[in-house]
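Data block for target.txt (compact mmCIF, C-alpha atoms and all ligand atoms):
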# COMPACT_ATOMS: atom_id res chain seq x y z
CA MET J 1 101.23 -19.87 -11.28
CA GLY J 2 97.66 -20.39 -12.50
CA ARG J 3 97.15 -23.38 -10.18
CA LEU J 4 98.31 -21.39 -7.22
CA ARG J 5 95.91 -18.58 -8.06
CA ASP J 6 93.02 -21.07 -8.37
CA ARG J 7 93.81 -22.55 -4.98
CA TRP J 8 94.02 -19.12 -3.48
CA ALA J 9 90.62 -18.20 -4.92
CA GLU J 10 89.13 -21.43 -3.64
CA GLN J 11 90.53 -20.70 -0.19
CA ARG J 12 88.97 -17.25 -0.22
CA ARG J 13 85.63 -18.64 -1.33
CA LEU J 14 85.58 -21.19 1.50
CA GLU J 15 86.54 -18.50 3.97
CA ASP J 16 83.67 -16.24 2.78
CA HIS J 17 81.25 -19.12 2.94
CA ARG J 18 82.28 -19.97 6.50
CA ARG J 19 81.99 -16.36 7.63
CA LEU J 20 78.54 -15.96 6.09
CA GLU J 21 77.48 -19.23 7.69
CA GLU J 22 78.58 -18.05 11.12
CA ASP J 23 76.81 -14.71 10.69
CA LEU J 24 73.61 -16.40 9.61
CA ARG J 25 73.81 -18.92 12.44
CA SER J 26 73.79 -16.21 15.07
CA LEU J 27 71.27 -14.02 13.20
CA TRP J 28 68.94 -17.00 12.85
CA ARG J 29 69.12 -17.64 16.56
CA GLU J 30 68.43 -14.00 17.36
CA ALA J 31 65.59 -13.83 14.86
CA CYS J 32 63.92 -16.96 16.25
CA THR J 33 64.21 -15.69 19.79
CA GLY J 34 62.88 -12.32 18.69
CA VAL J 35 59.68 -13.75 17.22
CA GLY J 36 59.20 -16.26 20.05
CA LEU J 37 60.08 -19.33 18.00
CA CYS J 38 62.00 -20.87 20.90
CA GLN J 39 61.75 -22.94 24.06
CA TYR J 40 62.94 -21.95 27.52
CA ILE J 41 64.71 -24.81 29.23
CA PRO J 42 65.33 -24.49 32.99
CA MET J 43 68.86 -25.55 33.95
CA PRO J 44 70.68 -25.52 37.28
CA THR J 45 72.67 -22.57 35.96
CA GLY J 46 69.62 -20.59 34.79
CA VAL J 47 67.33 -20.70 31.78
CA THR J 48 68.65 -21.78 28.41
CA ILE J 49 66.94 -20.69 25.22
CA ARG J 50 66.59 -23.34 22.55
CA THR J 51 65.83 -22.32 18.93
CA PRO J 52 65.41 -24.47 15.80
CA ARG J 53 68.99 -25.55 15.19
CA PHE J 54 70.88 -24.03 12.28
CA GLY J 55 72.56 -26.82 10.28
CA ALA J 56 74.67 -25.74 7.33
CA LEU J 57 74.63 -23.06 4.69
CA ARG J 58 74.03 -24.53 1.27
CA ASN J 59 76.96 -24.25 -1.06
CA ARG J 60 75.12 -22.69 -4.00
CA PRO J 61 74.11 -19.30 -5.32
CA GLY J 62 71.42 -17.68 -3.21
CA VAL J 63 71.05 -18.07 0.51
CA ALA J 64 69.59 -21.34 1.82
CA PHE J 65 70.36 -23.34 4.92
CA SER J 66 69.15 -26.38 6.80
CA VAL J 67 67.34 -26.14 10.12
CA GLU J 68 66.28 -28.79 12.61
CA LEU J 69 62.78 -28.29 13.96
CA LEU J 70 62.31 -27.91 17.71
CA PRO J 71 61.00 -30.96 19.57
CA GLY J 72 57.25 -30.90 18.97
CA GLY J 73 57.72 -28.29 16.24
CA GLU J 74 56.33 -28.27 12.69
CA PRO J 75 57.44 -26.48 9.51
CA ASP J 76 54.35 -24.30 9.97
CA ASP J 77 55.91 -22.74 13.06
CA ILE J 78 58.61 -21.24 10.83
CA ILE J 79 56.21 -20.37 8.01
CA LYS J 80 54.03 -18.49 10.47
CA HIS J 81 56.89 -16.09 11.21
CA ALA J 82 58.45 -16.21 7.74
CA ASP J 83 58.30 -12.49 6.97
CA ARG J 84 59.71 -11.30 10.29
CA LEU J 85 62.47 -13.90 10.29
CA ALA J 86 63.41 -13.00 6.72
CA HIS J 87 63.57 -9.29 7.50
CA THR J 88 65.99 -9.92 10.39
CA LEU J 89 68.14 -11.98 8.03
CA GLY J 90 68.11 -9.12 5.53
CA GLY J 91 65.73 -10.72 3.02
CA HIS J 92 62.21 -10.15 1.75
CA GLY J 93 60.66 -13.51 2.62
CA LEU J 94 61.43 -17.17 3.14
CA ARG J 95 60.39 -20.44 1.69
CA VAL J 96 60.46 -23.60 3.83
CA GLU J 97 61.08 -26.93 2.09
CA PRO J 98 60.98 -30.33 3.80
CA LEU J 99 64.26 -32.29 4.00
CA ALA J 100 64.72 -35.67 5.63
CA GLY J 101 63.39 -36.38 9.13
CA ARG J 102 63.13 -33.33 11.40
CA TRP J 103 65.12 -31.14 9.03
CA VAL J 104 63.85 -28.45 6.68
CA ARG J 105 65.59 -26.16 4.23
CA VAL J 106 65.02 -22.45 4.63
CA VAL J 107 65.45 -20.46 1.41
CA LEU J 108 65.88 -16.72 1.85
CA LEU J 109 64.20 -14.65 -0.89
CA PRO J 110 66.33 -11.56 -1.48
CA CYS J 111 63.56 -9.33 -2.84
CA ASP J 112 59.87 -9.40 -3.67
CA PRO J 113 59.61 -11.61 -6.75
CA LEU J 114 56.47 -9.70 -7.71
CA ARG J 115 58.14 -6.29 -7.60
CA GLU J 116 58.32 -5.78 -11.36
CA PRO J 117 55.13 -5.36 -13.43
CA PHE J 118 54.76 -7.77 -16.29
CA ARG J 119 53.15 -7.03 -19.60
CA LEU J 120 50.32 -9.10 -20.92
CA PRO J 121 51.60 -10.83 -24.04
CA ALA J 122 49.37 -10.88 -27.12
CA LEU J 123 47.23 -13.72 -25.75
CA THR J 124 43.80 -14.58 -27.07
CA ILE J 125 41.63 -17.64 -26.74
CA SER J 126 39.29 -18.87 -29.45
CA ARG J 127 37.06 -21.04 -27.25
CA ALA J 128 35.68 -20.93 -23.73
CA ASP J 129 37.44 -24.13 -22.72
CA GLN J 130 40.88 -22.61 -23.29
CA PRO J 131 42.84 -21.13 -20.39
CA VAL J 132 42.96 -17.42 -19.64
CA LEU J 133 46.04 -15.98 -17.93
CA LEU J 134 45.21 -14.63 -14.46
CA GLY J 135 48.64 -13.79 -13.11
CA ARG J 136 52.08 -14.94 -12.01
CA THR J 137 52.88 -16.36 -8.59
CA GLU J 138 55.84 -15.67 -6.30
CA ASP J 139 57.60 -18.79 -7.52
CA GLY J 140 57.24 -17.69 -11.13
CA ARG J 141 54.36 -19.92 -12.21
CA ASP J 142 51.71 -18.57 -14.56
CA LEU J 143 48.19 -19.22 -13.28
CA PHE J 144 45.29 -19.74 -15.66
CA HIS J 145 41.55 -20.07 -15.39
CA VAL J 146 39.16 -21.80 -17.76
CA LEU J 147 35.89 -19.89 -18.04
CA ALA J 148 34.04 -23.00 -19.15
CA GLU J 149 34.47 -24.26 -15.58
CA ALA J 150 31.31 -23.54 -13.64
CA VAL J 151 32.77 -20.90 -11.35
CA GLN J 152 31.62 -17.34 -10.62
CA LEU J 153 34.29 -14.68 -10.11
CA ALA J 154 34.51 -12.03 -7.39
CA ILE J 155 37.08 -9.24 -7.63
CA GLN J 156 37.59 -6.74 -4.83
CA GLY J 157 40.05 -3.95 -4.22
CA GLN J 158 40.23 -0.35 -3.12
CA ASN J 159 40.19 2.38 -5.68
CA GLY J 160 43.41 2.21 -7.68
CA GLY J 161 44.22 -1.36 -6.67
CA GLY J 162 44.12 -2.63 -10.24
CA LYS J 163 40.71 -4.30 -10.61
CA SER J 164 39.74 -2.66 -13.86
CA ALA J 165 43.20 -3.02 -15.37
CA TRP J 166 43.12 -6.74 -14.57
CA CYS J 167 39.74 -6.96 -16.28
CA TYR J 168 41.14 -5.21 -19.37
CA GLY J 169 43.59 -8.08 -19.55
CA ILE J 170 40.96 -10.77 -19.10
CA LEU J 171 38.46 -9.29 -21.54
CA SER J 172 41.10 -8.66 -24.20
CA GLN J 173 41.97 -12.37 -24.03
CA VAL J 174 38.37 -13.56 -24.46
CA ALA J 175 36.92 -10.89 -26.77
CA GLY J 176 37.53 -12.94 -29.91
CA ALA J 177 36.35 -16.35 -28.70
CA ALA J 178 33.64 -17.76 -30.96
CA ASP J 179 31.60 -19.13 -28.06
CA ILE J 180 31.83 -16.29 -25.53
CA LEU J 181 29.60 -13.24 -25.26
CA VAL J 182 30.93 -10.37 -23.13
CA THR J 183 27.91 -8.67 -21.59
CA GLY J 184 27.21 -6.75 -18.44
CA SER J 185 26.82 -3.45 -16.69
CA ASP J 186 29.45 -0.77 -16.32
CA ILE J 187 28.54 2.59 -14.81
CA THR J 188 32.04 3.89 -15.57
CA GLY J 189 31.70 3.14 -19.29
CA LEU J 190 35.41 2.32 -19.62
CA LEU J 191 35.53 -1.45 -19.26
CA LEU J 192 32.47 -2.06 -21.43
CA GLY J 193 30.81 0.30 -23.86
CA ARG J 194 32.55 2.41 -26.46
CA ALA J 195 35.68 0.26 -26.64
CA TRP J 196 33.40 -2.54 -27.87
CA ASP J 197 31.59 -0.61 -30.62
CA GLY J 198 31.27 -2.70 -33.75
CA THR J 199 31.62 -6.04 -31.94
CA ALA J 200 28.97 -8.71 -31.37
CA HIS J 201 29.19 -8.03 -27.64
CA ARG J 202 28.28 -4.36 -27.61
CA PRO J 203 24.44 -4.70 -27.83
CA TRP J 204 24.55 -6.66 -24.56
CA GLN J 205 26.36 -4.05 -22.52
CA ALA J 206 24.67 -1.32 -20.46
CA VAL J 207 26.90 1.61 -19.58
CA GLY J 208 26.87 4.93 -17.77
CA THR J 209 24.51 6.31 -15.13
CA LYS J 210 22.16 8.37 -17.30
CA ASP J 211 19.80 5.51 -17.98
CA LEU J 212 19.87 3.13 -15.02
CA GLU J 213 16.69 1.46 -16.20
CA ALA J 214 18.66 0.21 -19.22
CA HIS J 215 20.92 -1.78 -16.87
CA ALA J 216 17.90 -3.49 -15.31
CA VAL J 217 16.34 -4.18 -18.72
CA MET J 218 19.55 -5.75 -20.01
CA LEU J 219 20.05 -7.89 -16.91
CA ASP J 220 16.43 -9.07 -17.11
CA ALA J 221 16.96 -10.04 -20.76
CA LEU J 222 19.96 -12.10 -19.68
CA ALA J 223 17.91 -13.81 -16.97
CA ALA J 224 15.23 -14.60 -19.56
CA GLU J 225 17.83 -16.22 -21.80
CA MET J 226 19.14 -18.17 -18.80
CA ASP J 227 15.61 -19.45 -18.12
CA ARG J 228 15.15 -20.40 -21.75
CA ARG J 229 18.35 -22.45 -21.65
CA LEU J 230 17.44 -24.15 -18.40
CA ASP J 231 14.00 -25.05 -19.80
CA ALA J 232 15.48 -26.33 -23.05
CA MET J 233 18.09 -28.49 -21.36
CA PRO J 234 18.13 -31.87 -23.08
CA PRO J 235 17.31 -34.91 -20.98
CA ARG J 236 20.21 -36.59 -19.18
CA GLN J 237 22.20 -33.36 -19.12
CA ASP J 238 22.71 -31.03 -16.21
CA LYS J 239 24.63 -28.23 -17.87
CA VAL J 240 24.80 -26.26 -21.08
CA GLN J 241 28.03 -26.60 -23.06
CA PRO J 242 29.04 -23.28 -24.59
CA THR J 243 28.68 -23.28 -28.38
CA VAL J 244 28.64 -20.65 -31.08
CA GLN J 245 24.81 -20.68 -30.99
CA ASN J 246 24.61 -20.75 -27.19
CA PRO J 247 27.73 -18.90 -26.14
CA LEU J 248 29.10 -18.72 -22.64
CA VAL J 249 27.67 -15.46 -21.32
CA LEU J 250 30.23 -13.53 -19.30
CA VAL J 251 28.24 -11.03 -17.22
CA VAL J 252 30.69 -8.32 -16.19
CA LEU J 253 29.43 -6.13 -13.32
CA GLU J 254 31.92 -3.29 -12.97
CA GLU J 255 31.61 -1.38 -9.65
CA PHE J 256 28.44 -3.29 -8.88
CA PRO J 257 27.82 -1.69 -5.47
CA GLY J 258 28.02 1.67 -7.26
CA LEU J 259 25.26 0.60 -9.64
CA LEU J 260 23.10 -0.45 -6.71
CA ARG J 261 23.74 2.81 -4.89
CA ALA J 262 22.87 4.87 -7.95
CA ALA J 263 19.70 2.84 -8.50
CA GLN J 264 18.76 3.14 -4.84
CA ALA J 265 19.09 6.89 -4.96
CA LYS J 266 16.75 7.05 -7.92
CA ASP J 267 14.16 4.40 -7.15
CA LYS J 268 14.24 1.71 -4.46
CA LYS J 269 12.25 -0.67 -6.65
CA LEU J 270 14.82 -0.45 -9.41
CA ALA J 271 17.63 -1.33 -7.00
CA GLU J 272 15.66 -4.33 -5.72
CA ARG J 273 14.99 -5.48 -9.25
CA ILE J 274 18.67 -5.34 -10.17
CA THR J 275 19.66 -7.10 -6.95
CA SER J 276 17.26 -9.97 -7.41
CA THR J 277 18.12 -10.47 -11.09
CA VAL J 278 21.83 -10.54 -10.37
CA LEU J 279 21.25 -12.95 -7.51
CA ARG J 280 19.50 -15.28 -9.95
CA LEU J 281 22.28 -14.98 -12.53
CA VAL J 282 24.94 -15.74 -9.93
CA SER J 283 23.18 -18.63 -8.26
CA GLU J 284 21.36 -20.32 -11.16
CA GLY J 285 23.54 -19.27 -14.07
CA ARG J 286 26.35 -21.77 -13.66
CA LYS J 287 24.43 -24.63 -15.28
CA ALA J 288 23.28 -22.39 -18.13
CA ALA J 289 26.83 -21.33 -19.06
CA PHE J 290 26.43 -17.92 -17.43
CA ARG J 291 29.51 -16.62 -15.62
CA VAL J 292 29.29 -13.56 -13.42
CA LEU J 293 32.43 -11.44 -13.00
CA MET J 294 31.63 -8.97 -10.26
CA LEU J 295 33.91 -6.10 -9.26
CA ALA J 296 33.54 -4.20 -6.01
CA GLN J 297 35.75 -2.16 -3.72
CA ARG J 298 34.85 -4.61 -0.97
CA PHE J 299 32.60 -7.63 -0.88
CA GLU J 300 30.50 -6.62 2.07
CA ALA J 301 27.33 -8.67 2.03
CA ASN J 302 24.92 -5.75 1.79
CA ALA J 303 26.92 -4.08 -0.99
CA VAL J 304 26.81 -7.10 -3.30
CA GLY J 305 23.26 -8.36 -2.85
CA GLY J 306 23.56 -10.30 0.41
CA GLY J 307 25.65 -13.02 1.99
CA TYR J 308 23.97 -15.68 -0.12
CA ALA J 309 25.01 -13.89 -3.30
CA ARG J 310 28.56 -13.59 -2.03
CA ASP J 311 28.74 -17.29 -1.20
CA GLN J 312 28.17 -18.13 -4.87
CA PHE J 313 31.60 -16.88 -5.92
CA ALA J 314 34.19 -19.63 -5.88
CA LEU J 315 37.03 -17.72 -7.53
CA ARG J 316 38.00 -14.76 -5.37
CA LEU J 317 40.63 -12.17 -6.15
CA SER J 318 41.60 -9.35 -3.80
CA PHE J 319 43.71 -6.41 -4.81
CA ARG J 320 44.77 -3.90 -2.12
CA VAL J 321 42.11 -3.99 0.61
CA PRO J 322 41.97 -3.43 4.38
CA GLY J 323 42.73 -6.57 6.41
CA GLU J 324 39.10 -7.12 7.35
CA SER J 325 38.02 -7.27 3.71
CA LEU J 326 40.75 -9.79 2.95
CA VAL J 327 39.51 -12.05 5.75
CA MET J 328 35.92 -11.59 4.55
CA LEU J 329 36.68 -13.13 1.13
CA HIS J 330 39.53 -15.50 1.93
CA GLY J 331 38.88 -16.65 5.47
CA GLU J 332 40.80 -16.51 8.74
CA ASP J 333 43.99 -17.86 7.17
CA ALA J 334 44.36 -14.54 5.38
CA ARG J 335 44.35 -12.46 8.55
CA LYS J 336 48.14 -12.51 8.98
CA LEU J 337 48.53 -11.20 5.42
CA GLY J 338 46.25 -8.24 6.07
CA PRO J 339 48.72 -5.61 7.28
CA THR J 340 51.08 -6.03 4.31
CA HIS J 341 48.39 -6.41 1.68
CA ALA J 342 46.63 -3.26 2.88
CA ASN J 343 49.53 -1.36 1.25
CA ALA J 344 50.02 -3.55 -1.81
CA GLU J 345 51.02 -1.99 -5.10
CA PRO J 346 48.51 -1.91 -7.95
CA GLY J 347 48.40 -5.28 -9.69
CA ILE J 348 49.31 -7.37 -6.61
CA ALA J 349 46.49 -9.64 -5.47
CA TYR J 350 45.56 -12.71 -3.47
CA LEU J 351 43.66 -15.45 -5.25
CA SER J 352 41.48 -18.21 -3.80
CA THR J 353 40.11 -20.92 -6.05
CA PRO J 354 38.30 -24.14 -5.21
CA GLY J 355 40.72 -26.77 -3.97
CA HIS J 356 43.76 -24.51 -4.02
CA GLU J 357 45.62 -22.66 -1.32
CA LEU J 358 45.54 -18.91 -1.16
CA VAL J 359 48.26 -17.54 -3.48
CA ARG J 360 49.77 -14.12 -3.94
CA LEU J 361 50.23 -13.03 -7.51
CA ARG J 362 50.97 -10.19 -9.83
CA VAL J 363 48.48 -9.80 -12.61
CA PRO J 364 49.55 -8.96 -16.15
CA TYR J 365 49.24 -5.39 -17.32
CA LEU J 366 48.30 -4.03 -20.70
CA GLY J 367 50.15 -0.79 -20.09
CA SER J 368 47.58 1.75 -21.13
CA TYR J 369 43.89 2.11 -21.73
CA GLY J 370 44.59 2.80 -25.39
CA GLU J 371 46.21 -0.62 -25.68
CA TYR J 372 43.03 -2.17 -24.29
CA CYS J 373 40.91 -0.35 -26.87
CA ASP J 374 43.28 -1.46 -29.64
CA ARG J 375 43.13 -5.10 -28.59
CA ILE J 376 39.33 -5.12 -28.37
CA ALA J 377 39.14 -3.43 -31.78
CA ARG J 378 41.59 -5.94 -33.24
CA HIS J 379 40.29 -9.17 -31.70
CA GLY J 380 36.70 -8.39 -30.67
CA ARG J 381 34.37 -10.89 -32.30
CA ARG J 382 32.16 -9.37 -35.02
CA LEU J 383 28.60 -10.37 -35.60
CA ASP J 384 28.47 -12.91 -38.37
CA PRO J 385 25.16 -12.34 -40.18
CA ALA J 386 25.35 -15.77 -41.82
CA GLU J 387 25.52 -17.54 -38.49
CA GLY J 388 23.48 -15.09 -36.50
CA GLN J 389 23.26 -15.59 -32.81
CA GLY J 390 19.63 -16.51 -32.31
CA TRP J 391 18.69 -14.80 -29.10
CA ALA J 392 21.53 -12.34 -29.19
CA ALA J 393 20.56 -10.69 -32.46
N1 LIG J 401 48.92 -4.92 -13.04
C1 LIG J 401 49.35 -3.66 -12.89
N2 LIG J 401 50.67 -3.41 -12.92
C2 LIG J 401 51.11 -2.16 -12.77
N3 LIG J 401 50.32 -1.08 -12.58
C3 LIG J 401 49.00 -1.25 -12.55
C4 LIG J 401 48.45 -2.56 -12.69
N4 LIG J 401 47.11 -2.46 -12.60
C5 LIG J 401 46.84 -1.16 -12.41
N5 LIG J 401 47.96 -0.41 -12.37
C6 LIG J 401 48.05 1.04 -12.17
O1 LIG J 401 47.08 1.40 -11.18
C7 LIG J 401 46.12 2.31 -11.69
C8 LIG J 401 44.73 1.98 -11.14
O2 LIG J 401 44.27 0.77 -11.65
P1 LIG J 401 42.72 0.46 -11.86
O3 LIG J 401 42.63 -0.83 -12.56
O4 LIG J 401 42.03 1.61 -12.46
O5 LIG J 401 42.23 0.30 -10.34
P2 LIG J 401 40.76 0.00 -9.80
O6 LIG J 401 39.88 -0.42 -10.94
O7 LIG J 401 40.95 -1.10 -8.80
O8 LIG J 401 40.31 1.27 -9.15
C9 LIG J 401 46.22 2.15 -13.20
O9 LIG J 401 45.90 3.34 -13.85
C10 LIG J 401 47.67 1.81 -13.41
O10 LIG J 401 48.46 2.97 -13.44
MG MG J 402 38.13 0.47 -11.56
Please express the file's structure as structure tokens.
Amino acid sequence: MGRLRDRWAEQRRLEDHRRLEEDLRSLWREACTGVGLCQYIPMPTGVTIRTPRFGALRNRPGVAFSVELLPGGEPDDIIKHADRLAHTLGGHGLRVEPLAGRWVRVVLLPCDPLREPFRLPALTISRADQPVLLGRTEDGRDLFHVLAEAVQLAIQGQNGGGKSAWCYGILSQVAGAADILVTGSDITGLLLGRAWDGTAHRPWQAVGTKDLEAHAVMLDALAAEMDRRLDAMPPRQDKVQPTVQNPLVLVVLEEFPGLLRAAQAKDKKLAERITSTVLRLVSEGRKAAFRVLMLAQRFEANAVGGGYARDQFALRLSFRVPGESLVMLHGEDARKLGPTHANAEPGIAYLSTPGHELVRLRVPYLGSYGEYCDRIARHGRRLDPAEGQGWAA
């Protein structure tokens, strides 16, 4: 009795598989024709349409099938139309994996793997050469960045895209590191400032718009320290290693174009002073263990201190932005992503880093601003009077 039932179930399963395979075969053909992924072959009887040939449906959970590339075709031809093809097949996206010879495997992704927010676990680093969690990719990998690497960071995104919230996550991870100093300028006074009261970092943060001069004074003091380090560089060395005495200086510039605009409105000279100091920090700071983390709604050259300044940023992260802004930071390859990303949810971003392809990711989320304040209060490095900090006293 049991054996019969098993056979019956097996029969049904094979039947379902075959039906799904047939449905997908014809949908695939329609989808390819629809997006123009096909060749028109003249025949005596009329024109025949040839599409990348559907092989077989894989016999496993999830939907994946083999496809033979068109003559002269490349996997890229499918990747280029991935989203549209997937939507016709009833999925969210597709992944294309090479098989043997002219065959590839197409894996249909049923829904956006980045749909659900993910909470930032209680991560902290104790030194600048430890990795900081940036976000999670579509294939579930966690991506990290090591601040000790000589890379400046540019973050763009429209209002509400998730720039500041991402920064809460980054700063909460580094606030306790013995060899990192979190400095910078924040006209909003939320990212830096009060949340940092009582920590060793707070004296090096200029906040608010009441005293714009204070931002310029603080940035100039940072540039002076950078010069001191460059002058004091030991022979046969070309960069400063972050230490407790000479910490890595993370210069956070929240809403930097806003700071420039406010300065401009008050006094043109002040705006020029801030622009030229920041340009120096960005371009000369790498060797001196200075890292600039600049946030802007869009990285237009004239909003961030010029095209030369913008070129200094090797790590680039874009939250929701118009297509043009995405291309501006990530190059022509990003153009096809523009329309979708222009409506991205908060916390979804594209990341470019040196030597790596553009990746889409969801950044971790602390949940609330109060949680950020709690983490800074809990982990934020305190000034140790015994050790002092030399220049940063
Ligand atoms: N990673 C995230 N996951 C889920 N929601 C987020 C995330 N980041 C931001 N948000 C939501 O979006 C809102 C705006 O984020 P915020 O960081 O202030 O944007 P921005 O600084 O780019 O203007 C936040 O108040 C929060 O509700
Ligand atoms: Mg913000």
Per residue of chain J within 7 Å of ligand MG 402 (chain J), note the shortest atom pair and the distance in Å to one decimal, counting only C-alpha atoms and all ligand atoms, and order the rows by chain and increasing residue number, as JSON lines.
{"residue": "J:Asn159", "atom": "CA", "partner": "J:MG402", "partner_atom": "MG", "distance": 6.5}
{"residue": "J:Gly160", "atom": "CA", "partner": "J:MG402", "partner_atom": "MG", "distance": 6.8}
{"residue": "J:Gly162", "atom": "CA", "partner": "J:MG402", "partner_atom": "MG", "distance": 6.9}
{"residue": "J:Lys163", "atom": "CA", "partner": "J:MG402", "partner_atom": "MG", "distance": 5.5}
{"residue": "J:Ser164", "atom": "CA", "partner": "J:MG402", "partner_atom": "MG", "distance": 4.2}
Just write the chosen residues, C-alpha atoms, as a PDB file, in the frame of the given file.
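File produced: part-v5.pdb:
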ATOM      1  CA  ASN J 159      40.190   2.380  -5.680  1.00  0.00           C
ATOM      2  CA  GLY J 160      43.410   2.210  -7.680  1.00  0.00           C
ATOM      3  CA  GLY J 162      44.120  -2.630 -10.240  1.00  0.00           C
ATOM      4  CA  LYS J 163      40.710  -4.300 -10.610  1.00  0.00           C
ATOM      5  CA  SER J 164      39.740  -2.660 -13.860  1.00  0.00           C
TER       6      SER J 164
END
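One finds atom CA of J:Ala31 at 22.6 Å from atom CA of J:Met43.
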For J:Ala349, list every protein, DNA or RNA residue within 12 Å, evaluated using only C-alpha atoms, and leave out those in the same chain fewer than 2 positions away; present the list as a PyMOL selection string.
chain J and resi 114+134-138+155-158+161-163+166+316-321+326+330+337-338+340-347+351-352+358-364
Would you pick out the contacts of stretch 236-252 of chain J at 6 Å or less, using all atoms listed in the file, so that residues sharing its chain but fewer than 3 positions from it are not included, and give the list as a list in words?
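That gives Ala178, Asp179, Ile180, Leu181, Val182, Thr183, Gly184, Lys287, Ala288, Ala289, Phe290, Arg291, Val292, Leu293 and Gln389 of chain J.
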Which polymer residues have any atom within 8 Å of an atom of J:Tyr168, counting only C-alpha atoms, with same-chain residues fewer than 2 positions away left out, as an mmCIF file with C-alpha atoms, in the coordinates of the input?
data_model
loop_
_atom_site.group_PDB
_atom_site.id
_atom_site.type_symbol
_atom_site.label_atom_id
_atom_site.label_comp_id
_atom_site.auth_asym_id
_atom_site.auth_seq_id
_atom_site.Cartn_x
_atom_site.Cartn_y
_atom_site.Cartn_z
ATOM 1 C CA SER J 164 39.740 -2.660 -13.860
ATOM 2 C CA ALA J 165 43.200 -3.020 -15.370
ATOM 3 C CA TRP J 166 43.120 -6.740 -14.570
ATOM 4 C CA ILE J 170 40.960 -10.770 -19.100
ATOM 5 C CA LEU J 171 38.460 -9.290 -21.540
ATOM 6 C CA SER J 172 41.100 -8.660 -24.200
ATOM 7 C CA LEU J 191 35.530 -1.450 -19.260
ATOM 8 C CA LEU J 366 48.300 -4.030 -20.700
ATOM 9 C CA TYR J 372 43.030 -2.170 -24.290
#
Go ahead and fit an axis-aligned box to every listed atom of stretch 77-90 of chain J plus 4 Å each side, and pass me the centre and edge lengths in Å, one decimal, as lines of an AutoDock Vina configuration file.
center_x = 61.1
center_y = -15.9
center_z = 9.3
size_x = 22.1
size_y = 21.6
size_z = 15.5
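Distances from J:Leu4, J:Val104, J:Leu109, J:Val35 to J:Val67 were compared using all atoms listed in the file, and the smallest one belongs to J:Val104.
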In terms of the shortest atom-to-atom distance over all atoms listed in the file, which of J:Glu10, J:Glu116, J:Asp129, J:Glu324 is closest to J:Ile348?
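Closest to J:Ile348, using all atoms listed in the file: J:Glu116.
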